[in-house]
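Trainee: Dropping in my_file07.cif, which is mmCIF, C-alpha atoms:
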data_query
loop_
_atom_site.label_atom_id
_atom_site.label_comp_id
_atom_site.auth_asym_id
_atom_site.auth_seq_id
_atom_site.Cartn_x
_atom_site.Cartn_y
_atom_site.Cartn_z
CA MET A 533 0.00 0.00 0.00
CA SER A 534 1.31 3.36 -0.89
CA LEU A 535 1.79 6.14 1.66
CA LYS A 536 -0.97 8.20 0.05
CA SER A 537 -3.49 5.39 0.36
CA LYS A 538 -2.55 4.75 3.92
CA GLY A 539 -3.15 8.42 4.93
CA VAL A 540 -6.60 8.44 3.39
CA ALA A 541 -7.62 5.29 5.28
CA GLU A 542 -6.54 6.74 8.61
CA ARG A 543 -8.59 9.95 8.08
CA THR A 544 -11.68 7.90 7.15
CA SER A 545 -11.35 5.78 10.29
CA ARG A 546 -11.03 8.82 12.57
CA SER A 547 -14.10 10.48 10.97
CA ALA A 548 -16.21 7.43 11.65
CA VAL A 549 -15.14 7.32 15.27
CA SER A 550 -15.90 11.00 15.83
CA GLN A 551 -19.42 10.64 14.37
CA LYS A 552 -20.21 7.75 16.77
CA TRP A 553 -19.00 9.67 19.75
CA SER A 554 -21.02 12.74 18.69
CA LEU A 555 -24.20 10.64 18.51
CA LEU A 556 -23.55 9.12 21.95
CA LEU A 557 -22.78 12.55 23.42
CA CYS A 558 -26.10 13.95 22.11
CA LEU A 559 -28.06 11.05 23.56
CA GLY A 560 -26.31 11.44 26.90
CA SER A 561 -27.01 15.16 26.99
CA PHE A 562 -30.72 14.59 26.22
CA CYS A 563 -31.05 12.02 29.03
CA ALA A 564 -29.25 14.27 31.49
CA GLY A 565 -31.59 17.11 30.55
CA MET A 566 -34.68 14.98 31.10
CA LEU A 567 -33.36 13.83 34.47
CA PHE A 568 -32.64 17.43 35.58
CA THR A 569 -36.07 18.70 34.49
CA THR A 570 -37.93 15.91 36.30
CA ARG A 571 -36.20 16.61 39.61
CA MET A 572 -36.59 20.41 39.52
CA TRP A 573 -40.27 20.67 38.51
CA ILE A 574 -43.23 18.82 39.96
CA ILE A 575 -45.81 18.06 37.33
CA PRO A 576 -49.41 18.59 38.61
CA GLU A 577 -51.14 15.34 39.32
CA ILE A 578 -54.83 14.58 39.63
CA LYS A 579 -55.68 12.53 42.65
CA GLY A 580 -59.28 11.97 43.67
CA GLY A 581 -60.51 14.79 41.36
CA ILE A 582 -58.39 17.44 43.17
CA THR A 583 -55.60 19.27 41.35
CA ARG A 584 -52.39 19.84 43.30
CA THR A 585 -50.94 23.19 42.28
CA THR A 586 -47.30 24.01 42.38
CA THR A 587 -45.73 25.96 45.22
CA VAL A 588 -45.23 28.98 42.98
CA GLU A 589 -48.88 29.03 41.92
CA ALA A 590 -50.00 28.77 45.55
CA GLU A 591 -47.86 31.74 46.48
CA LYS A 592 -49.34 33.74 43.60
CA LEU A 593 -52.91 32.91 44.67
CA LYS A 594 -52.12 33.91 48.24
CA LEU A 595 -50.80 37.29 47.12
CA VAL A 596 -53.86 37.90 44.90
CA SER A 597 -56.30 37.01 47.69
CA GLU A 598 -54.51 39.25 50.17
CA GLY A 599 -54.67 42.08 47.64
CA CYS A 600 -58.43 41.58 47.15
CA ILE A 601 -59.09 41.64 50.91
CA THR A 602 -57.04 44.82 51.28
CA LYS A 603 -58.96 46.51 48.47
CA PHE A 604 -62.29 45.39 49.96
CA LEU A 605 -61.40 46.82 53.38
CA GLN A 606 -60.27 50.06 51.77
CA GLN A 607 -63.54 50.33 49.81
CA LYS A 608 -65.55 49.61 52.97
CA LEU A 609 -63.74 52.38 54.87
CA VAL A 610 -64.32 54.81 51.98
CA SER A 611 -68.06 53.89 51.84
CA LYS A 612 -68.40 54.38 55.60
CA ASP A 613 -66.71 57.76 55.34
CA ILE A 614 -69.02 58.84 52.49
CA PHE A 615 -72.11 57.70 54.42
CA GLY A 616 -71.00 59.73 57.44
CA LYS A 617 -70.53 62.83 55.31
CA VAL A 618 -73.98 62.38 53.71
CA SER A 619 -75.61 62.04 57.16
CA LYS A 620 -73.89 65.22 58.38
CA THR A 621 -75.02 67.07 55.24
CA HIS A 622 -78.62 65.88 55.69
CA HIS A 623 -78.60 67.03 59.33
CA ALA A 624 -77.21 70.42 58.30
CA ILE A 625 -79.96 70.82 55.67
CA GLN A 626 -82.67 69.99 58.23
CA THR A 627 -81.22 72.53 60.69
CA LEU A 628 -81.09 75.17 57.96
CA ASP A 629 -84.69 74.43 56.96
CA ASN A 630 -85.87 74.86 60.57
CA THR A 631 -83.94 78.11 60.87
CA ILE A 632 -85.51 79.46 57.67
CA SER A 633 -89.00 78.50 58.89
CA ASN A 634 -88.40 80.32 62.19
CA LEU A 635 -87.16 83.42 60.38
CA GLU A 636 -90.18 83.36 58.07
CA MET A 637 -92.51 83.13 61.08
CA GLU A 638 -90.78 86.02 62.85
CA LEU A 639 -90.89 88.10 59.66
CA ALA A 640 -94.61 87.39 59.28
CA ALA A 641 -95.24 88.42 62.89
CA ALA A 642 -93.32 91.67 62.49
CA LYS A 643 -95.07 92.39 59.21
CA ALA A 644 -98.53 91.79 60.72
CA ALA A 645 -97.73 94.00 63.74
CA GLN A 646 -96.48 96.76 61.46
CA GLU A 647 -99.62 96.60 59.32
CA SER A 648 -101.79 96.77 62.45
CA ILE A 649 -99.94 99.88 63.62
CA LEU A 650 -100.11 101.57 60.19
CA SER A 651 -103.81 100.82 59.78
CA GLY A 652 -104.59 102.12 63.27
CA ALA A 653 -106.27 98.86 64.29
CA PRO A 654 -106.47 98.17 68.04
CA ILE A 655 -103.86 95.75 69.36
CA SER A 656 -105.29 93.03 71.61
CA GLU A 657 -103.89 92.22 75.03
CA GLU A 658 -102.73 88.84 73.72
CA ILE A 659 -100.63 90.52 71.04
CA LYS A 660 -99.16 92.91 73.63
CA LYS A 661 -98.11 89.86 75.67
CA SER A 662 -96.63 88.08 72.65
CA ASP A 663 -93.23 89.76 72.98
CA SER A 664 -92.69 88.18 76.39
CA THR A 665 -93.78 84.72 75.22
CA ARG A 666 -92.18 84.83 71.76
CA LYS A 667 -89.18 82.73 72.76
CA ARG A 668 -91.35 79.95 74.21
CA LYS A 669 -91.92 77.06 71.82
CA TYR A 670 -95.29 75.30 71.90
CA PHE A 671 -96.40 72.03 70.40
CA MET A 672 -99.88 72.94 69.20
CA VAL A 673 -102.55 75.62 69.40
CA ILE A 674 -106.17 74.43 69.43
CA GLY A 675 -108.67 77.08 68.42
CA ILE A 676 -112.30 76.19 69.18
CA ASN A 677 -114.55 78.07 66.80
CA THR A 678 -117.55 79.44 68.69
CA ALA A 679 -120.32 82.05 68.42
CA PHE A 680 -122.02 84.53 70.75
CA SER A 681 -125.05 82.24 71.08
CA SER A 682 -123.01 79.15 72.01
CA ARG A 683 -122.47 79.71 75.75
CA LYS A 684 -123.96 76.30 76.65
CA ARG A 685 -121.79 74.55 74.09
CA ARG A 686 -118.69 76.16 75.55
CA ASP A 687 -119.68 75.09 79.05
CA SER A 688 -120.24 71.51 77.83
CA VAL A 689 -116.74 71.48 76.29
CA ARG A 690 -115.24 72.84 79.51
CA ALA A 691 -117.01 70.09 81.45
CA THR A 692 -115.62 67.30 79.23
CA TRP A 693 -112.44 67.36 77.14
CA MET A 694 -111.02 70.85 77.76
CA PRO A 695 -108.92 71.16 80.99
CA GLN A 696 -109.82 74.07 83.25
CA GLY A 697 -108.07 76.38 85.71
CA GLU A 698 -104.69 75.20 86.95
CA LYS A 699 -104.83 72.11 84.74
CA ARG A 700 -105.03 74.27 81.62
CA GLY A 701 -102.03 76.26 82.82
CA LYS A 702 -100.18 73.01 83.51
CA LEU A 703 -101.08 71.82 80.01
CA GLU A 704 -99.47 74.90 78.51
CA GLU A 705 -96.33 74.75 80.64
CA GLU A 706 -95.67 71.01 80.63
CA LYS A 707 -97.10 69.87 77.30
CA GLY A 708 -96.89 73.04 75.23
CA ILE A 709 -100.58 72.91 74.30
CA ILE A 710 -102.67 76.08 74.02
CA ILE A 711 -106.48 75.84 73.94
CA ARG A 712 -108.73 78.84 73.35
CA PHE A 713 -112.28 79.57 72.27
CA VAL A 714 -112.01 81.75 69.17
CA ILE A 715 -114.45 84.59 68.63
CA GLY A 716 -114.47 88.06 67.10
CA HIS A 717 -116.65 91.07 67.87
CA GLY A 718 -120.26 92.04 67.32
CA ALA A 719 -121.39 94.50 64.68
CA THR A 720 -121.45 97.11 67.46
CA VAL A 721 -118.06 97.09 69.14
CA GLY A 722 -118.49 97.17 72.90
CA GLY A 723 -122.16 96.20 72.66
CA ILE A 724 -124.05 93.70 74.78
CA LEU A 725 -122.62 90.70 72.91
CA ASP A 726 -119.04 91.81 73.44
CA ARG A 727 -119.66 92.59 77.09
CA ALA A 728 -121.10 89.10 77.66
CA ILE A 729 -117.95 87.51 76.18
CA GLU A 730 -115.71 89.78 78.23
CA ALA A 731 -117.49 88.72 81.42
CA GLU A 732 -117.18 85.04 80.48
CA ASP A 733 -113.51 85.51 79.62
CA LYS A 734 -112.89 87.20 82.95
CA LYS A 735 -114.27 84.13 84.68
CA HIS A 736 -112.50 81.44 82.62
CA GLY A 737 -109.67 83.22 80.78
CA ASP A 738 -109.94 80.89 77.80
CA PHE A 739 -110.82 83.17 74.86
CA LEU A 740 -108.86 84.40 71.86
CA ARG A 741 -110.53 87.58 70.60
CA LEU A 742 -110.09 88.34 66.91
CA ASP A 743 -110.21 91.59 65.00
CA HIS A 744 -113.19 90.24 63.08
CA ILE A 745 -116.94 90.88 62.83
CA GLU A 746 -118.88 87.70 63.61
CA GLY A 747 -121.32 86.26 61.05
CA TYR A 748 -122.07 82.84 59.55
CA LEU A 749 -121.18 83.95 56.04
CA GLU A 750 -117.88 85.29 57.37
CA LEU A 751 -116.43 81.97 58.52
CA SER A 752 -113.74 82.00 55.81
CA ALA A 753 -112.57 85.43 56.93
CA LYS A 754 -112.65 84.30 60.56
CA THR A 755 -110.59 81.20 59.80
CA LYS A 756 -107.99 83.27 57.99
CA THR A 757 -107.82 85.80 60.81
CA TYR A 758 -107.57 83.02 63.40
CA PHE A 759 -104.51 81.39 61.82
CA ALA A 760 -102.84 84.74 61.19
CA THR A 761 -103.44 85.84 64.80
CA ALA A 762 -102.46 82.51 66.38
CA VAL A 763 -99.16 82.21 64.51
CA ASN A 764 -98.25 85.75 65.58
CA LEU A 765 -99.07 85.04 69.22
CA TRP A 766 -97.64 81.56 69.74
CA ASP A 767 -94.67 79.87 68.11
CA ALA A 768 -96.11 76.39 67.75
CA GLU A 769 -95.53 73.40 65.49
CA TYR A 770 -99.22 72.93 64.65
CA TYR A 771 -102.40 75.03 64.60
CA ILE A 772 -105.78 73.32 64.86
CA LYS A 773 -109.27 74.58 64.19
CA VAL A 774 -112.21 72.64 65.68
CA ASP A 775 -115.90 73.40 66.10
CA ASP A 776 -117.47 73.72 69.56
CA ASP A 777 -119.83 70.78 68.96
CA VAL A 778 -117.05 68.22 68.36
CA HIS A 779 -115.50 65.91 70.96
CA VAL A 780 -111.68 65.79 70.93
CA ASN A 781 -109.15 63.48 72.60
CA ILE A 782 -106.21 65.85 73.08
CA ALA A 783 -103.52 63.23 73.77
CA THR A 784 -104.50 61.18 70.72
CA LEU A 785 -104.51 64.34 68.61
CA GLY A 786 -101.03 65.20 69.85
CA GLU A 787 -99.68 61.71 69.19
CA THR A 788 -101.15 61.80 65.68
CA LEU A 789 -99.53 65.13 64.84
CA ALA A 790 -96.21 64.11 66.42
CA ARG A 791 -95.82 61.36 63.78
CA HIS A 792 -95.61 64.01 61.07
CA ARG A 793 -93.49 66.64 62.82
CA LYS A 794 -90.43 66.05 60.60
CA LYS A 795 -92.46 66.69 57.45
CA PRO A 796 -92.89 70.22 56.06
CA ARG A 797 -96.20 71.84 55.07
CA ILE A 798 -98.65 69.42 56.69
CA TYR A 799 -102.42 69.69 56.12
CA ILE A 800 -104.22 66.93 58.02
CA GLY A 801 -107.89 66.08 58.40
CA CYS A 802 -110.64 63.95 56.88
CA MET A 803 -110.24 64.71 53.20
CA LYS A 804 -113.35 64.86 51.06
CA SER A 805 -114.49 65.99 47.61
CA GLY A 806 -118.23 66.65 47.69
CA PRO A 807 -120.57 68.07 45.04
CA VAL A 808 -120.66 71.80 44.36
CA LEU A 809 -124.14 73.10 45.25
CA SER A 810 -125.18 75.72 42.74
CA ARG A 811 -128.88 76.03 43.63
CA LYS A 812 -129.70 79.03 45.80
CA GLY A 813 -131.43 78.54 49.12
CA VAL A 814 -129.81 75.19 49.97
CA ARG A 815 -127.30 74.72 52.78
CA TYR A 816 -123.67 75.12 51.71
CA HIS A 817 -124.70 76.91 48.51
CA GLU A 818 -121.62 78.06 46.59
CA PRO A 819 -122.22 81.36 44.72
CA GLU A 820 -118.99 80.88 42.76
CA TYR A 821 -119.91 77.35 41.71
CA TRP A 822 -118.86 78.00 38.10
CA LYS A 823 -115.20 78.00 39.17
CA PHE A 824 -115.26 74.39 40.35
CA GLY A 825 -117.28 72.24 37.98
CA ASP A 826 -119.39 69.44 39.46
CA LYS A 827 -117.13 68.51 42.41
CA TYR A 828 -114.77 70.29 44.78
CA PHE A 829 -111.07 69.52 44.92
CA ARG A 830 -109.85 67.40 47.85
CA HIS A 831 -109.92 69.32 51.14
CA ALA A 832 -110.35 68.59 54.85
CA THR A 833 -113.85 68.63 56.31
CA GLY A 834 -114.50 71.73 58.40
CA GLN A 835 -115.29 70.12 61.77
CA ILE A 836 -111.59 69.72 62.62
CA TYR A 837 -108.29 70.03 60.78
CA ALA A 838 -104.68 70.93 61.52
CA ILE A 839 -101.91 72.71 59.62
CA SER A 840 -98.21 73.06 60.36
CA LYS A 841 -96.51 76.34 61.28
CA ASP A 842 -95.18 77.04 57.79
CA LEU A 843 -98.70 76.94 56.33
CA ALA A 844 -100.11 79.15 59.10
CA THR A 845 -97.27 81.59 58.41
CA TYR A 846 -98.14 81.51 54.71
CA ILE A 847 -101.74 82.47 55.53
CA SER A 848 -100.56 85.27 57.81
CA VAL A 849 -98.22 86.75 55.21
CA ASN A 850 -100.69 86.49 52.31
CA GLN A 851 -104.00 87.03 54.10
CA HIS A 852 -104.84 90.18 52.13
CA VAL A 853 -104.73 88.37 48.76
CA LEU A 854 -106.25 85.01 49.70
CA HIS A 855 -109.71 84.62 48.18
CA LYS A 856 -112.61 83.70 50.48
CA TYR A 857 -115.32 81.30 49.36
CA THR A 858 -118.59 80.84 51.23
CA ASN A 859 -117.52 77.58 52.87
CA GLU A 860 -114.45 77.98 55.09
CA ASP A 861 -113.16 74.45 54.57
CA VAL A 862 -113.23 74.98 50.80
CA SER A 863 -111.41 78.29 51.25
CA LEU A 864 -108.64 76.70 53.28
CA GLY A 865 -108.16 73.95 50.70
CA ALA A 866 -108.11 76.54 47.90
CA TRP A 867 -105.36 78.56 49.62
CA PHE A 868 -103.06 75.54 49.46
CA ILE A 869 -103.63 74.67 45.80
CA GLY A 870 -100.42 75.23 43.90
CA LEU A 871 -98.30 74.85 47.02
CA ASP A 872 -96.14 71.83 47.82
CA VAL A 873 -98.48 70.72 50.63
CA GLN A 874 -98.80 67.20 52.02
CA HIS A 875 -102.49 66.31 52.33
CA ILE A 876 -102.88 63.66 55.04
CA ASP A 877 -106.23 61.90 55.19
CA ASP A 878 -106.70 60.48 58.70
CA ARG A 879 -110.16 59.04 59.32
CA ARG A 880 -109.66 59.06 63.10
CA LEU A 881 -110.39 62.78 62.92
CA CYS A 882 -113.97 62.11 61.87
CA CYS A 883 -115.29 59.16 63.88
CA GLY A 884 -118.98 58.88 64.57
CA THR A 885 -120.55 59.16 68.00
CA PRO A 886 -121.29 55.99 70.02
CA PRO A 887 -121.37 53.18 69.19
CA ASP A 888 -118.84 53.92 66.38
CA CYS A 889 -116.14 55.64 68.45
CA GLU A 890 -116.84 53.32 71.40
CA TRP A 891 -116.18 50.18 69.36
CA LYS A 892 -112.97 51.66 68.00
CA ALA A 893 -111.82 52.62 71.50
CA GLN A 894 -112.47 49.08 72.75
CA ALA A 895 -110.39 47.75 69.84
CA GLY A 896 -107.51 50.00 70.90
CA ASN A 897 -107.97 52.49 68.06
CA ILE A 898 -109.01 55.60 70.00
CA CYS A 899 -110.51 58.37 67.86
CA VAL A 900 -109.06 61.86 67.65
CA ALA A 901 -112.46 63.50 67.15
CA SER A 902 -116.07 62.34 67.14
CA PHE A 903 -119.22 63.93 65.71
CA ASP A 904 -122.33 63.15 63.65
CA TRP A 905 -122.09 63.76 59.91
CA THR A 906 -125.83 64.39 59.68
CA CYS A 907 -125.53 67.39 62.02
CA SER A 908 -121.98 68.46 60.97
CA GLY A 909 -121.18 68.08 64.67
CA ILE A 910 -122.57 66.16 67.62
CA CYS A 911 -126.35 66.29 67.33
CA ARG A 912 -127.71 68.11 70.42
CA SER A 913 -124.13 68.40 71.63
CA VAL A 914 -124.99 70.22 74.86
CA ASP A 915 -126.96 67.18 76.01
CA ARG A 916 -124.90 64.40 74.42
CA ILE A 917 -121.23 65.42 74.58
CA LYS A 918 -120.89 64.02 78.12
CA GLU A 919 -122.15 60.66 76.86
CA VAL A 920 -119.63 60.76 74.01
CA HIS A 921 -116.87 61.68 76.45
CA ARG A 922 -117.81 58.83 78.79
CA HIS A 923 -117.83 56.15 76.06
CA CYS A 924 -115.14 57.45 73.71
CA GLY A 925 -112.84 59.58 75.87
CA GLU A 926 -109.20 58.54 76.23
CA GLY A 927 -109.19 59.21 80.00
CA GLU A 928 -107.63 62.17 81.79
CA ASN A 929 -104.44 60.32 82.68
CA ALA A 930 -103.69 59.70 79.00
CA LEU A 931 -103.04 63.39 78.47
CA TRP A 932 -100.59 63.76 81.36
CA LYS A 933 -98.75 60.54 80.49
CA ALA A 934 -98.42 61.42 76.82
CA ALA A 935 -95.00 62.52 75.54
CA PHE A 936 -94.98 64.62 72.42
#
Now that the file is in, can you turn its structure into structure tokens?
Mentor:
Amino acid sequence: MSLKSKGVAERTSRSAVSQKWSLLLCLGSFCAGMLFTTRMWIIPEIKGGITRTTTVEAEKLKLVSEGCITKFLQQKLVSKDIFGKVSKTHHAIQTLDNTISNLEMELAAAKAAQESILSGAPISEEIKKSDSTRKRKYFMVIGINTAFSSRKRRDSVRATWMPQGEKRGKLEEEKGIIIRFVIGHGATVGGILDRAIEAEDKKHGDFLRLDHIEGYLELSAKTKTYFATAVNLWDAEYYIKVDDDVHVNIATLGETLARHRKKPRIYIGCMKSGPVLSRKGVRYHEPEYWKFGDKYFRHATGQIYAISKDLATYISVNQHVLHKYTNEDVSLGAWFIGLDVQHIDDRRLCCGTPPDCEWKAQAGNICVASFDWTCSGICRSVDRIKEVHRHCGEGENALWKAAF
């Protein structure tokens, strides 16, 4: 063999050996890689339907859950802080609203006093005393509408549901409740009718005299004057008008009104919407019937109703431009049309006389007021109001135990 041939054979042999070793080295590297990967990483296994996550994944889930809890707590603290701020704002608005109402009432009182002075009208003793009692806050003023000819009715009311003497004074001081018979003057000022009322007032001290000429067709004017006078004399939450032939449970009335004391512009009574009577000569004839159509708008029946201080102040301020209809309950309802007034229909203010109010009292639903619809008051009230009081009265202790 030549030297050239021998060199070629040696190179071929070495090439073959290197290729074999390269193949073995690759296989060994692959196996070593598989072995290293298997030991370093745990492949998730399914055992009993439950997946075992890796340690890294568990740590990640823990961090995410902790972050969610932190965010939730932060959001809860922010919500609590916002709620607190809203509550404080609401309280501030309520306080401001009460302040504005008080200022409006004081402005109305000053305006009415100024008009009385400018017109030269006589100022009553009650108005002269109002400056000393202005700061006192009362709960309600009950005005009992009465007439010169109703002496026996007044005595029957005094003998039943209206406290007398020291008890009436105690009622004003402890409960903040004012009760007065409301009456104006006769056509002849200082005449026999006025003198009779003055003598009765001297004995009982339970009258509110109005700058008004008495007359049945003047009830709307009297009602307007009553509210304007009462709101200027006493700073109360509610003002009530009731007829002298109606039985009233004062404590139940107070508890009823107290439920609505946080609401503005309250007008409460037994709401009705009766036919408009256009024919002359009939009772409750409405000369201006053409303004209403066939039926009246909803308004409280005239035997008893109550309005809040802001509405009484409205009447006082605008009394010279408020139109008067023949029926005083219609007039009052008309004055509130167009205003944001809450009409509250409470049928306990118009219960019937026994057995109606008696059954309700026995069932625990004591009536605020009782009368007969057929008579627009208690029929023969002078004779029957004691019977109504005995069967339907709340009891004297109820008034002194009541908390308004």
Trainee: Report the distance between atom CA of A:Cys889 and atom CA of A:Ser902 in Å, rounded to one decimal place.
Mentor: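 Separation between atom CA of A:Cys889 and atom CA of A:Ser902: 6.8 Å.
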Trainee: Go through A:Ser688, A:Ser863, A:Ser681, A:Ser752 one by one, measure the shortest atom-to-atom distance of each to A:His779 using only C-alpha atoms, and give the residue with the smallest value.
Mentor: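 Smallest distance to A:His779 is found for A:Ser688.
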Trainee: Between A:Val763, A:Val814, A:Ile917, A:Val862, which residue has the minimum interatomic distance to A:Lys684, considering all atoms listed in the file?
Mentor: A:Ile917
Trainee: Under the PyMOL selection byres ((chain A and resi 843) around 12), which residues of this model are included? Write them out as a ChimeraX atom specification.
Mentor: /A:633,636-637,640,756,759-760,763,768-772,796-800,838-842,844-851,864-865,867-869,871-875
Trainee: Quick one: of A:Arg815, A:Ile898, A:Arg683, A:Leu809, who's nearest to A:Gly927, counting all atoms listed in the file?
Mentor: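 Checking each candidate against A:Gly927, we get A:Ile898 as the closest.
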Trainee: Could you tell me how far atom CA of A:Ala895 sits from atom CA of A:Met694, in Å to one decimal place?
Mentor: 24.4 Å
Trainee: What's the 6 Å shell around A:Arg880, counting all atoms listed in the file, without same-chain residues fewer than 2 positions away, as an MDAnalysis selection string?
Mentor: chainID A and resid 878 882:883 899:900
Trainee: Leaving out A:Gly786 and any residue of its chain fewer than 6 positions from it, which residues lie within 12 Å of it when counting all atoms listed in the file, given as a list in words?
Mentor: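 My reading of the contact set: Tyr670, Phe671, Met672, Val673, Ile674, Lys707, Gly708, Ile709, Ile710, Glu769, Tyr770, Tyr771, Ile772, Val780, His792, Arg793, Ala838, Leu881, Cys899, Val900, Ala901, Ala930, Leu931, Trp932, Lys933, Ala934, Ala935 and Phe936 of chain A.
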Trainee: With distances taken over all atoms listed in the file, which of A:Gly723, A:Gly801, A:Gly747, A:Gly834 is nearest to A:Arg879?
Mentor: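 Of A:Gly723, A:Gly801, A:Gly747, A:Gly834, the one nearest A:Arg879, counting all atoms listed in the file, is A:Gly801.
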Trainee: Between A:Glu919, A:Arg830, A:Val853, A:Lys892, which has the minimum distance to A:Ile876 (counting only C-alpha atoms)?
Mentor: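 Closest candidate: A:Arg830.
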Trainee: In Å to one decimal, how far is atom CA of A:Asn897 from atom CA of A:Cys911?
Mentor: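 Rounded to one decimal, the two atoms are 23.0 Å apart.
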Trainee: For A:Arg712, list every protein, DNA or RNA residue within 12 Å, evaluated using all atoms listed in the file, and leave out those in the same chain fewer than 5 positions away; present the list as a PyMOL selection string.
Mentor: chain A and resi 658+672-678+686+689-690+694-696+700-701+704+733+736-742+758+762+766+771-776
Trainee: Please determine, counting only C-alpha atoms, which residue among A:Ile724, A:Val920, A:Ile729, A:Ile910 has the shortest atom-to-atom distance to A:Asn781.
Mentor: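 Selected residue with least distance to A:Asn781: A:Val920.
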